[in-house]
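Listing of structure-v7.cif, mmCIF, C-alpha atoms (C1' of nucleotides)
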data_data
#
loop_
_atom_site.label_atom_id
_atom_site.label_comp_id
_atom_site.auth_asym_id
_atom_site.auth_seq_id
_atom_site.Cartn_x
_atom_site.Cartn_y
_atom_site.Cartn_z
CA MET A 1 0.00 0.00 0.00
CA THR A 2 2.43 2.61 1.20
CA LYS A 3 4.97 2.57 -1.59
CA PRO A 4 7.92 4.66 -0.40
CA LYS A 5 7.58 7.70 -2.52
CA HIS A 6 10.11 10.45 -2.40
CA GLU A 7 10.20 12.05 1.02
CA PRO A 8 11.85 15.38 0.52
CA LEU A 9 10.95 16.78 3.92
CA ILE A 10 13.12 14.26 5.72
CA ASP A 11 16.18 15.31 3.78
CA LEU A 12 15.39 18.95 4.33
CA CYS A 13 15.08 18.38 8.05
CA ARG A 14 18.41 16.59 8.19
CA GLN A 15 20.05 19.45 6.37
CA ARG A 16 18.64 21.84 8.93
CA GLY A 17 19.93 19.74 11.79
CA LEU A 18 16.60 18.44 13.06
CA ARG A 19 16.76 15.06 14.70
CA ILE A 20 14.84 12.44 12.81
CA THR A 21 12.95 10.56 15.47
CA GLY A 22 10.43 7.84 14.83
CA GLN A 23 7.57 10.24 15.48
CA ARG A 24 8.96 12.90 13.18
CA ARG A 25 9.58 10.43 10.43
CA VAL A 26 5.91 9.50 10.43
CA ILE A 27 4.75 13.11 10.65
CA LEU A 28 6.96 14.06 7.73
CA GLN A 29 5.68 11.14 5.68
CA VAL A 30 2.14 12.25 6.36
CA LEU A 31 3.00 15.77 5.29
CA ASP A 32 4.71 14.59 2.14
CA ALA A 33 1.68 12.49 1.28
CA ALA A 34 -0.83 15.30 1.94
CA ASP A 35 -2.16 17.18 -1.02
CA ASP A 36 -4.56 19.26 1.07
CA HIS A 37 -4.38 21.63 4.04
CA PRO A 38 -4.96 19.55 7.17
CA ASN A 39 -5.25 20.95 10.66
CA VAL A 40 -3.32 19.44 13.54
CA GLU A 41 -6.13 17.18 14.67
CA GLU A 42 -6.39 15.69 11.18
CA LEU A 43 -2.62 15.33 10.92
CA HIS A 44 -2.59 13.57 14.25
CA ARG A 45 -5.30 11.23 13.01
CA ARG A 46 -3.31 10.39 9.88
CA VAL A 47 -0.15 9.87 11.90
CA GLY A 48 -2.08 7.54 14.19
CA GLU A 49 -3.04 5.36 11.22
CA ARG A 50 0.60 4.64 10.52
CA GLU A 51 1.95 4.65 14.05
CA PRO A 52 -0.35 4.80 17.05
CA GLY A 53 0.74 6.48 20.24
CA VAL A 54 2.24 9.69 18.92
CA ASN A 55 1.05 12.49 21.17
CA ILE A 56 -0.76 15.43 19.64
CA ALA A 57 1.54 17.82 21.50
CA THR A 58 4.39 16.31 19.52
CA VAL A 59 2.54 17.06 16.31
CA TYR A 60 2.02 20.64 17.42
CA ARG A 61 5.66 21.04 18.38
CA THR A 62 6.89 19.49 15.15
CA MET A 63 4.65 21.72 13.04
CA ASN A 64 5.91 24.78 14.87
CA LYS A 65 9.48 23.78 14.29
CA LEU A 66 8.94 23.07 10.61
CA ALA A 67 7.10 26.35 10.14
CA ASP A 68 9.88 28.26 11.91
CA LEU A 69 12.36 26.72 9.49
CA GLY A 70 10.13 27.62 6.58
CA LEU A 71 9.70 24.01 5.50
CA ILE A 72 5.92 24.21 5.77
CA GLU A 73 3.40 27.02 5.56
CA ARG A 74 0.91 27.84 8.25
CA HIS A 75 -2.57 29.06 7.35
CA ILE A 76 -5.59 30.09 9.35
CA PHE A 77 -8.81 30.04 7.39
CA ASP A 78 -12.15 31.17 8.73
CA ASP A 79 -12.60 28.27 11.12
CA GLY A 80 -9.75 29.74 13.13
CA ARG A 81 -7.65 26.57 13.28
CA LEU A 82 -4.03 26.14 12.26
CA ARG A 83 -3.55 24.37 8.94
CA TYR A 84 -0.40 23.37 7.15
CA GLU A 85 0.94 22.58 3.73
CA PRO A 86 4.47 21.77 2.56
CA ALA A 87 6.13 25.04 1.57
CA PRO A 88 5.38 25.57 -2.13
CA ASP A 89 7.98 26.54 -4.69
CA GLU A 90 5.87 29.41 -5.83
CA HIS A 91 3.45 31.48 -3.79
CA HIS A 92 -0.23 30.80 -4.32
CA ASP A 93 -3.53 31.86 -2.80
CA HIS A 94 -6.58 29.88 -1.74
CA LEU A 95 -10.11 29.39 -2.83
CA ILE A 96 -12.21 27.74 -0.13
CA ASN A 97 -15.49 26.03 -0.86
CA VAL A 98 -17.61 27.08 2.11
CA ASP A 99 -19.98 24.15 1.63
CA THR A 100 -17.42 21.36 1.49
CA GLY A 101 -14.32 22.87 3.09
CA GLU A 102 -12.35 21.92 -0.01
CA VAL A 103 -9.36 24.15 -0.63
CA ILE A 104 -8.12 24.95 -4.13
CA GLU A 105 -4.86 26.70 -4.81
CA PHE A 106 -4.55 29.35 -7.45
CA ARG A 107 -2.13 31.99 -8.53
CA SER A 108 -2.62 35.29 -10.28
CA ASP A 109 0.47 37.19 -11.30
CA GLU A 110 -1.70 40.13 -12.05
CA ILE A 111 -3.11 40.28 -8.54
CA GLU A 112 0.38 39.87 -7.12
CA ARG A 113 1.51 42.81 -9.19
CA LEU A 114 -1.42 44.98 -8.13
CA GLN A 115 -0.73 44.21 -4.49
CA GLU A 116 2.85 45.37 -4.86
CA GLU A 117 1.62 48.49 -6.54
CA ILE A 118 -0.78 49.27 -3.71
CA ALA A 119 1.79 48.68 -0.99
CA GLN A 120 4.23 50.94 -2.81
CA LYS A 121 1.65 53.64 -3.17
CA TYR A 122 1.42 53.79 0.63
CA GLY A 123 5.21 53.65 1.04
CA PHE A 124 5.36 50.08 2.30
CA GLU A 125 6.97 46.86 1.23
CA ILE A 126 5.01 43.63 1.52
CA VAL A 127 6.17 41.18 4.16
CA SER A 128 3.50 38.63 3.42
CA HIS A 129 -0.03 38.58 2.26
CA LYS A 130 -3.15 36.53 2.39
CA LEU A 131 -5.86 36.26 -0.21
CA GLU A 132 -8.70 33.87 0.42
CA LEU A 133 -11.81 33.53 -1.68
CA TYR A 134 -14.71 31.88 0.14
CA VAL A 135 -16.90 30.48 -2.59
CA ARG A 136 -19.70 28.11 -3.47
CA LEU A 137 -20.67 26.41 -6.68
CA ARG A 138 -22.39 28.71 -9.16
CA LYS A 139 -26.08 28.09 -9.17
CA LYS A 140 -27.64 26.85 -12.35
CA ARG A 141 -30.15 29.24 -13.81
CA MET B 1 -10.21 65.22 16.04
CA THR B 2 -13.87 65.50 15.18
CA LYS B 3 -16.15 64.39 17.97
CA PRO B 4 -18.99 62.58 16.27
CA LYS B 5 -22.20 64.02 17.64
CA HIS B 6 -24.16 61.86 15.35
CA GLU B 7 -24.44 58.29 16.52
CA PRO B 8 -25.80 56.39 13.58
CA LEU B 9 -25.43 52.94 15.12
CA ILE B 10 -27.97 53.69 17.84
CA ASP B 11 -30.63 54.57 15.30
CA LEU B 12 -29.80 51.52 13.25
CA CYS B 13 -30.14 49.32 16.32
CA ARG B 14 -33.52 50.81 17.18
CA GLN B 15 -34.71 50.15 13.67
CA ARG B 16 -33.65 46.55 14.00
CA GLY B 17 -35.48 46.18 17.28
CA LEU B 18 -32.47 45.96 19.57
CA ARG B 19 -33.08 47.30 23.04
CA ILE B 20 -30.93 50.28 23.81
CA THR B 21 -29.59 49.61 27.27
CA GLY B 22 -27.09 51.75 29.09
CA GLN B 23 -24.30 49.31 28.30
CA ARG B 24 -25.17 49.12 24.64
CA ARG B 25 -25.40 52.86 24.33
CA VAL B 26 -21.81 53.16 25.52
CA ILE B 27 -20.60 50.32 23.33
CA LEU B 28 -22.24 51.88 20.29
CA GLN B 29 -20.72 55.25 21.09
CA VAL B 30 -17.31 53.66 21.30
CA LEU B 31 -17.86 51.95 17.96
CA ASP B 32 -19.05 55.16 16.34
CA ALA B 33 -15.99 56.95 17.64
CA ALA B 34 -13.55 54.26 16.53
CA ASP B 35 -11.66 54.82 13.34
CA ASP B 36 -9.59 51.67 13.69
CA HIS B 37 -10.17 47.92 14.09
CA PRO B 38 -10.21 47.19 17.82
CA ASN B 39 -10.51 43.72 19.30
CA VAL B 40 -12.95 42.99 22.09
CA GLU B 41 -10.44 43.53 24.86
CA GLU B 42 -9.64 46.99 23.50
CA LEU B 43 -13.32 47.82 23.04
CA HIS B 44 -13.98 46.76 26.59
CA ARG B 45 -11.16 49.03 27.76
CA ARG B 46 -12.61 51.98 25.87
CA VAL B 47 -16.09 51.26 27.19
CA GLY B 48 -14.66 51.16 30.70
CA GLU B 49 -13.26 54.67 30.27
CA ARG B 50 -16.74 56.04 29.76
CA GLU B 51 -18.68 53.72 32.02
CA PRO B 52 -16.93 51.31 34.35
CA GLY B 53 -18.50 47.99 35.25
CA VAL B 54 -19.64 46.76 31.88
CA ASN B 55 -18.79 43.08 31.66
CA ILE B 56 -16.65 41.88 28.79
CA ALA B 57 -19.17 39.10 28.07
CA THR B 58 -21.68 41.86 27.34
CA VAL B 59 -19.27 43.36 24.83
CA TYR B 60 -18.83 39.97 23.18
CA ARG B 61 -22.58 39.40 23.03
CA THR B 62 -23.27 42.85 21.68
CA MET B 63 -20.63 42.52 18.98
CA ASN B 64 -22.07 39.18 17.93
CA LYS B 65 -25.52 40.65 17.72
CA LEU B 66 -24.36 43.63 15.69
CA ALA B 67 -22.36 41.45 13.37
CA ASP B 68 -25.33 39.12 12.85
CA LEU B 69 -27.41 42.12 11.86
CA GLY B 70 -24.67 43.28 9.52
CA LEU B 71 -24.18 46.56 11.36
CA ILE B 72 -20.51 45.86 11.97
CA GLU B 73 -17.90 43.76 10.23
CA ARG B 74 -15.86 41.09 11.89
CA HIS B 75 -12.23 40.51 10.92
CA ILE B 76 -9.54 38.13 12.05
CA PHE B 77 -6.02 39.24 11.22
CA ASP B 78 -2.91 37.21 11.88
CA ASP B 79 -3.02 37.55 15.64
CA GLY B 80 -6.11 35.36 15.53
CA ARG B 81 -8.36 37.68 17.53
CA LEU B 82 -11.77 39.04 16.59
CA ARG B 83 -11.73 42.64 15.46
CA TYR B 84 -14.57 44.91 14.44
CA GLU B 85 -15.32 47.96 12.40
CA PRO B 86 -18.61 49.69 11.60
CA ALA B 87 -19.95 48.17 8.39
CA PRO B 88 -18.52 50.22 5.54
CA ASP B 89 -20.59 51.51 2.64
CA GLU B 90 -18.20 49.99 0.20
CA HIS B 91 -16.09 46.90 0.57
CA HIS B 92 -12.41 47.43 1.21
CA ASP B 93 -9.35 45.37 2.08
CA HIS B 94 -6.63 45.86 4.65
CA LEU B 95 -3.00 46.69 4.77
CA ILE B 96 -1.47 45.87 8.15
CA ASN B 97 1.78 47.39 9.33
CA VAL B 98 3.45 44.45 11.04
CA ASP B 99 5.69 46.72 13.10
CA THR B 100 3.03 48.99 14.54
CA GLY B 101 -0.19 47.03 14.12
CA GLU B 102 -1.68 50.00 12.28
CA VAL B 103 -4.40 49.03 9.81
CA ILE B 104 -4.99 50.95 6.60
CA GLU B 105 -7.99 50.39 4.40
CA PHE B 106 -7.70 50.30 0.65
CA ARG B 107 -9.77 49.29 -2.30
CA SER B 108 -8.81 48.06 -5.72
CA ASP B 109 -11.60 47.58 -8.23
CA GLU B 110 -9.17 45.81 -10.44
CA ILE B 111 -8.32 43.21 -7.84
CA GLU B 112 -12.01 42.75 -7.10
CA ARG B 113 -12.61 42.12 -10.76
CA LEU B 114 -9.76 39.64 -11.03
CA GLN B 115 -11.06 37.74 -8.03
CA GLU B 116 -14.45 37.36 -9.67
CA GLU B 117 -12.75 36.19 -12.81
CA ILE B 118 -10.78 33.53 -10.95
CA ALA B 119 -13.79 32.24 -9.04
CA GLN B 120 -15.74 32.00 -12.28
CA LYS B 121 -12.95 30.16 -13.97
CA TYR B 122 -13.31 27.41 -11.36
CA GLY B 123 -17.11 27.46 -11.58
CA PHE B 124 -17.72 29.18 -8.25
CA GLU B 125 -19.34 32.33 -7.05
CA ILE B 126 -17.69 34.35 -4.31
CA VAL B 127 -19.43 34.36 -0.93
CA SER B 128 -16.85 36.55 0.74
CA HIS B 129 -13.19 37.18 0.52
CA LYS B 130 -10.26 38.36 2.53
CA LEU B 131 -7.23 40.20 1.28
CA GLU B 132 -4.65 41.34 3.76
CA LEU B 133 -1.26 42.81 3.00
CA TYR B 134 1.19 42.55 5.88
CA VAL B 135 3.71 45.29 5.26
CA ARG B 136 6.48 47.40 6.71
CA LEU B 137 7.86 50.78 5.78
CA ARG B 138 10.09 50.68 2.71
CA LYS B 139 13.69 50.87 3.70
CA LYS B 140 15.66 53.82 2.44
CA ARG B 141 18.67 52.84 0.40
"C1'" DC C 1 30.65 -0.25 19.79
"C1'" DA C 2 29.65 2.33 24.18
"C1'" DT C 3 28.87 6.73 26.14
"C1'" DC C 4 26.75 11.00 26.63
"C1'" DC C 5 23.65 14.84 26.55
"C1'" DA C 6 21.01 18.38 23.99
"C1'" DG C 7 17.08 17.88 22.01
"C1'" DA C 8 12.60 15.28 21.71
"C1'" DT C 9 8.62 13.07 23.80
"C1'" DG C 10 4.41 11.90 26.68
"C1'" DC C 11 1.48 13.46 29.88
"C1'" DA C 12 -1.05 16.48 32.48
"C1'" DA C 13 -1.80 20.96 33.68
"C1'" DA C 14 -1.98 25.68 32.13
"C1'" DT C 15 -3.41 29.29 29.03
"C1'" DG C 16 -6.35 32.38 26.61
"C1'" DA C 17 -10.05 33.86 23.66
"C1'" DG C 18 -14.52 33.30 23.38
"C1'" DT C 19 -19.20 31.19 24.88
"C1'" DC C 20 -22.94 29.80 27.90
"C1'" DG C 21 -26.28 28.88 31.89
"C1'" DC C 22 -28.60 31.04 35.16
"C1'" DA C 23 -30.53 34.26 38.37
"C1'" DA C 24 -31.48 38.98 38.65
"C1'" DG C 25 -32.37 43.37 36.37
"C1'" DT C 26 -34.67 46.45 32.92
"C1'" DA C 27 -36.44 48.47 28.44
"C1'" DT C 28 -40.40 48.83 26.06
"C1'" DG C 29 -45.16 48.03 24.27
"C1'" DA C 30 -49.79 47.72 26.00
"C1'" DT D 1 -48.17 50.86 35.82
"C1'" DC D 2 -47.56 46.06 34.41
"C1'" DA D 3 -45.97 42.16 32.19
"C1'" DT D 4 -42.54 39.89 30.00
"C1'" DA D 5 -39.15 39.03 26.83
"C1'" DC D 6 -34.78 40.67 26.29
"C1'" DT D 7 -30.20 41.88 28.72
"C1'" DT D 8 -26.76 41.70 32.00
"C1'" DG D 9 -23.11 40.11 35.40
"C1'" DC D 10 -20.77 36.44 36.84
"C1'" DG D 11 -18.60 32.37 37.04
"C1'" DA D 12 -18.07 28.12 34.89
"C1'" DC D 13 -17.10 26.07 30.71
"C1'" DT D 14 -15.14 24.91 25.95
"C1'" DC D 15 -11.68 24.07 22.81
"C1'" DA D 16 -7.35 24.72 20.39
"C1'" DT D 17 -2.90 25.35 21.48
"C1'" DT D 18 1.13 25.75 24.66
"C1'" DT D 19 4.05 24.59 28.46
"C1'" DG D 20 6.50 22.37 32.65
"C1'" DC D 21 8.67 18.53 33.77
"C1'" DA D 22 10.37 13.92 34.17
"C1'" DT D 23 11.98 10.60 31.07
"C1'" DC D 24 13.86 8.98 26.84
"C1'" DT D 25 16.82 8.77 22.61
"C1'" DG D 26 19.29 10.16 18.09
"C1'" DG D 27 23.43 10.62 16.60
"C1'" DA D 28 27.93 12.84 17.46
"C1'" DT D 29 32.05 11.63 19.84
"C1'" DG D 30 35.64 8.95 21.62
#

What does the file become when written as structure tokens?
Amino acid sequence: MTKPKHEPLIDLCRQRGLRITGQRRVILQVLDAADDHPNVEELHRRVGEREPGVNIATVYRTMNKLADLGLIERHIFDDGRLRYEPAPDEHHDHLINVDTGEVIEFRSDEIERLQEEIAQKYGFEIVSHKLELYVRLRKKR
Amino acid sequence: MTKPKHEPLIDLCRQRGLRITGQRRVILQVLDAADDHPNVEELHRRVGEREPGVNIATVYRTMNKLADLGLIERHIFDDGRLRYEPAPDEHHDHLINVDTGEVIEFRSDEIERLQEEIAQKYGFEIVSHKLELYVRLRKKR
DNA sequence: CATCCAGATGCAAATGAGTCGCAAGTATGA
DNA sequence: TCATACTTGCGACTCATTTGCATCTGGATG
């Protein structure tokens, strides 16, 4: 079932000097396998499927460490909970289906450009930004 | 600064059938006077300056009621706390100075348009959206 | 291969924003 | 003025996340 795919996070962690413990190995595998934006509870559930007994505090601490190192990205959508995704090569924004919770990533160079323009107009430089579209399926008519 | 003698929120509340109690009167005055995006703790502090003894739970409940009626807007920036501003006539987004916490409102019709375009491309309609630019002053060089 | 110890873990308790139940108080329409 | 449904204060509660601490262990060192 679990064919060992490539697990880039483990290598990245080693490079950064993080100890690879049994718990972390599993957490990193779960992250590498995730193609969505799970919160910590969900991550903990997925970790538990592979290796029961990992404490949720460990998941929290690991996520904090990875986020501090920039290996994963932290998001807070409108439910107020922390969510994570492996750090993407290129910045993107999110479109959230309010009915299903599904999250779709998108990117608009034009919006990025306009944001820069606006920040400049006020004399600022952008440190980070957040664009979330809360959407539902277009009604037929 | 201009002291607002007009207190539009009180009239709006009456129209919507909300009882105007002493506590609410003060809270509404504070909201009418605010030109920023205070969280509940800060609102409670400002209320306490005018009228000590109002419980913070009352502030929470009042804000929830006002938000449900659409008289104020609720925001959550990156500190994760609830913030409020009187409902604006026209939608705007926020630029947050990460060094000072200052919040500046801006509007870009072009970005609004692009957002619509993106949502449509995926077959969705936008329910709401959130655009926040976290910025700092441009360094001289 | 054995040792060592900073860093990692499990667990329970703490934290902190926000909510809720309830008894007591009060605004408002009749 | 009365009746009553809405509000309030207060403390207890929730729930996600963090933290203190005793114990354990990865992996560098000898």

### Message
Please list as an NGL selection string every residue within 8 Å of stretch 3-13 of chain D, counting all atoms listed in the file and excluding residues in the same chain fewer than 3 positions away.
### Response
(:B and (19 or 21 or 55 or 58)) or (:C and (20 or 25-26))

### Message
Quick check, in Å to one decimal: how far apart do atom CA of A:Lys139 and atom CA of B:Gly123 lie?
### Response
9.3 Å

### Message
Every residue with an atom at most 8 Å from (-8.2, 33.5, -0.1) (file coordinates; only C-alpha atoms (C1' of nucleotides)) is what I'm after, so could you write them as a VMD selection string?
### Response
(chain A and resid 93 to 96 130 to 134) or (chain B and resid 129 to 131)

### Query
Residual C-alpha RMSD for chain A onto chain B, least squares, all atoms in order?
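Fitting chain A to chain B over paired C-alpha atoms yields 1.4 Å.
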
### Test item: chain C residues at most 8 Å from chain B, counting only C-alpha atoms (C1' of nucleotides), as an MDAnalysis selection string
chainID C and resid 17:18 27

### Test item: chain A residues at most 12 Å from chain B, counting only C-alpha atoms, as a PyMOL selection string
chain A and resi 74-82+93-99+103-140

Around stretch 8-15 of chain C, fit a box with edges along x, y and z, padding it by 4 Å on each side, then list its centre and edge lengths in Å to one decimal as lines of an AutoDock Vina configuration file.
center_x = 4.6
center_y = 20.6
center_z = 27.7
size_x = 24.0
size_y = 25.4
size_z = 20.0

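As for atom CA of B:Arg46 and atom CA of B:Leu18, they are spaced 21.7 Å apart.
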
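As for atom C1' of C:DG10 and atom C1' of D:DT25, they are spaced 13.4 Å apart.
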
### From D:DA28, D:DT23, D:DT14, D:DC2, residue lying nearest chain A [only C-alpha atoms (C1' of nucleotides)]
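Distance minimum relative to chain A lands on D:DA28.
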
Mind filling out stretch 49-60 of chain B with all heavy atoms and sending it as a compact mmCIF listing (two decimals), keeping the file's coordinate frame?
# COMPACT_ATOMS: atom_id res chain seq x y z
N GLU B 49 -13.64 53.27 30.05
CA GLU B 49 -13.26 54.67 30.27
C GLU B 49 -14.49 55.55 30.42
O GLU B 49 -14.46 56.55 31.13
CB GLU B 49 -12.44 55.18 29.08
CG GLU B 49 -11.01 54.70 29.08
CD GLU B 49 -10.27 55.19 27.85
OE1 GLU B 49 -10.92 55.81 26.98
OE2 GLU B 49 -9.05 54.94 27.76
N ARG B 50 -15.54 55.21 29.72
CA ARG B 50 -16.74 56.04 29.76
C ARG B 50 -17.70 55.58 30.84
O ARG B 50 -18.45 56.36 31.40
CB ARG B 50 -17.49 55.96 28.42
CG ARG B 50 -16.68 56.45 27.24
CD ARG B 50 -17.49 56.33 25.97
NE ARG B 50 -16.67 56.66 24.81
CZ ARG B 50 -17.07 57.51 23.86
NH1 ARG B 50 -18.24 58.09 23.93
NH2 ARG B 50 -16.28 57.77 22.84
N GLU B 51 -17.68 54.30 31.12
CA GLU B 51 -18.68 53.72 32.02
C GLU B 51 -18.12 52.43 32.58
O GLU B 51 -18.22 51.38 31.94
CB GLU B 51 -19.96 53.44 31.21
CG GLU B 51 -20.99 52.60 31.91
CD GLU B 51 -22.00 53.42 32.68
OE1 GLU B 51 -22.03 54.66 32.47
OE2 GLU B 51 -22.73 52.83 33.48
N PRO B 52 -17.54 52.51 33.77
CA PRO B 52 -16.93 51.31 34.35
C PRO B 52 -18.00 50.28 34.71
O PRO B 52 -19.15 50.62 34.93
CB PRO B 52 -16.25 51.83 35.62
CG PRO B 52 -16.22 53.32 35.48
CD PRO B 52 -17.39 53.68 34.63
N GLY B 53 -17.60 49.02 34.75
CA GLY B 53 -18.50 47.99 35.25
C GLY B 53 -19.19 47.17 34.18
O GLY B 53 -19.86 46.20 34.50
N VAL B 54 -19.03 47.57 32.93
CA VAL B 54 -19.64 46.76 31.88
C VAL B 54 -18.82 45.49 31.70
O VAL B 54 -17.61 45.54 31.53
CB VAL B 54 -19.71 47.54 30.55
CG1 VAL B 54 -20.28 46.65 29.44
CG2 VAL B 54 -20.53 48.80 30.71
N ASN B 55 -19.49 44.36 31.73
CA ASN B 55 -18.79 43.08 31.66
C ASN B 55 -18.34 42.79 30.24
O ASN B 55 -19.03 43.09 29.28
CB ASN B 55 -19.71 41.97 32.16
CG ASN B 55 -18.93 40.71 32.47
OD1 ASN B 55 -18.59 39.96 31.57
ND2 ASN B 55 -18.60 40.51 33.73
N ILE B 56 -17.17 42.13 30.13
CA ILE B 56 -16.65 41.88 28.79
C ILE B 56 -17.53 40.90 28.02
O ILE B 56 -17.61 40.94 26.79
CB ILE B 56 -15.19 41.40 28.85
CG1 ILE B 56 -14.54 41.53 27.46
CG2 ILE B 56 -15.09 39.98 29.38
CD1 ILE B 56 -13.04 41.41 27.47
N ALA B 57 -18.24 40.02 28.75
CA ALA B 57 -19.17 39.10 28.07
C ALA B 57 -20.26 39.90 27.37
O ALA B 57 -20.75 39.51 26.30
CB ALA B 57 -19.78 38.13 29.07
N THR B 58 -20.66 41.00 27.96
CA THR B 58 -21.68 41.86 27.34
C THR B 58 -21.13 42.46 26.05
O THR B 58 -21.86 42.57 25.05
CB THR B 58 -22.07 42.98 28.32
OG1 THR B 58 -22.62 42.38 29.48
CG2 THR B 58 -23.08 43.92 27.70
N VAL B 59 -19.86 42.82 26.05
CA VAL B 59 -19.27 43.36 24.83
C VAL B 59 -19.25 42.27 23.76
O VAL B 59 -19.66 42.50 22.62
CB VAL B 59 -17.85 43.89 25.09
CG1 VAL B 59 -17.27 44.50 23.82
CG2 VAL B 59 -17.86 44.92 26.21
N TYR B 60 -18.83 41.08 24.14
CA TYR B 60 -18.83 39.97 23.18
C TYR B 60 -20.23 39.76 22.61
O TYR B 60 -20.42 39.64 21.41
CB TYR B 60 -18.36 38.68 23.86
CG TYR B 60 -16.86 38.48 23.85
CD1 TYR B 60 -16.12 38.60 25.01
CD2 TYR B 60 -16.20 38.15 22.67
CE1 TYR B 60 -14.74 38.39 25.01
CE2 TYR B 60 -14.83 37.94 22.66
CZ TYR B 60 -14.11 38.07 23.84
OH TYR B 60 -12.75 37.87 23.82
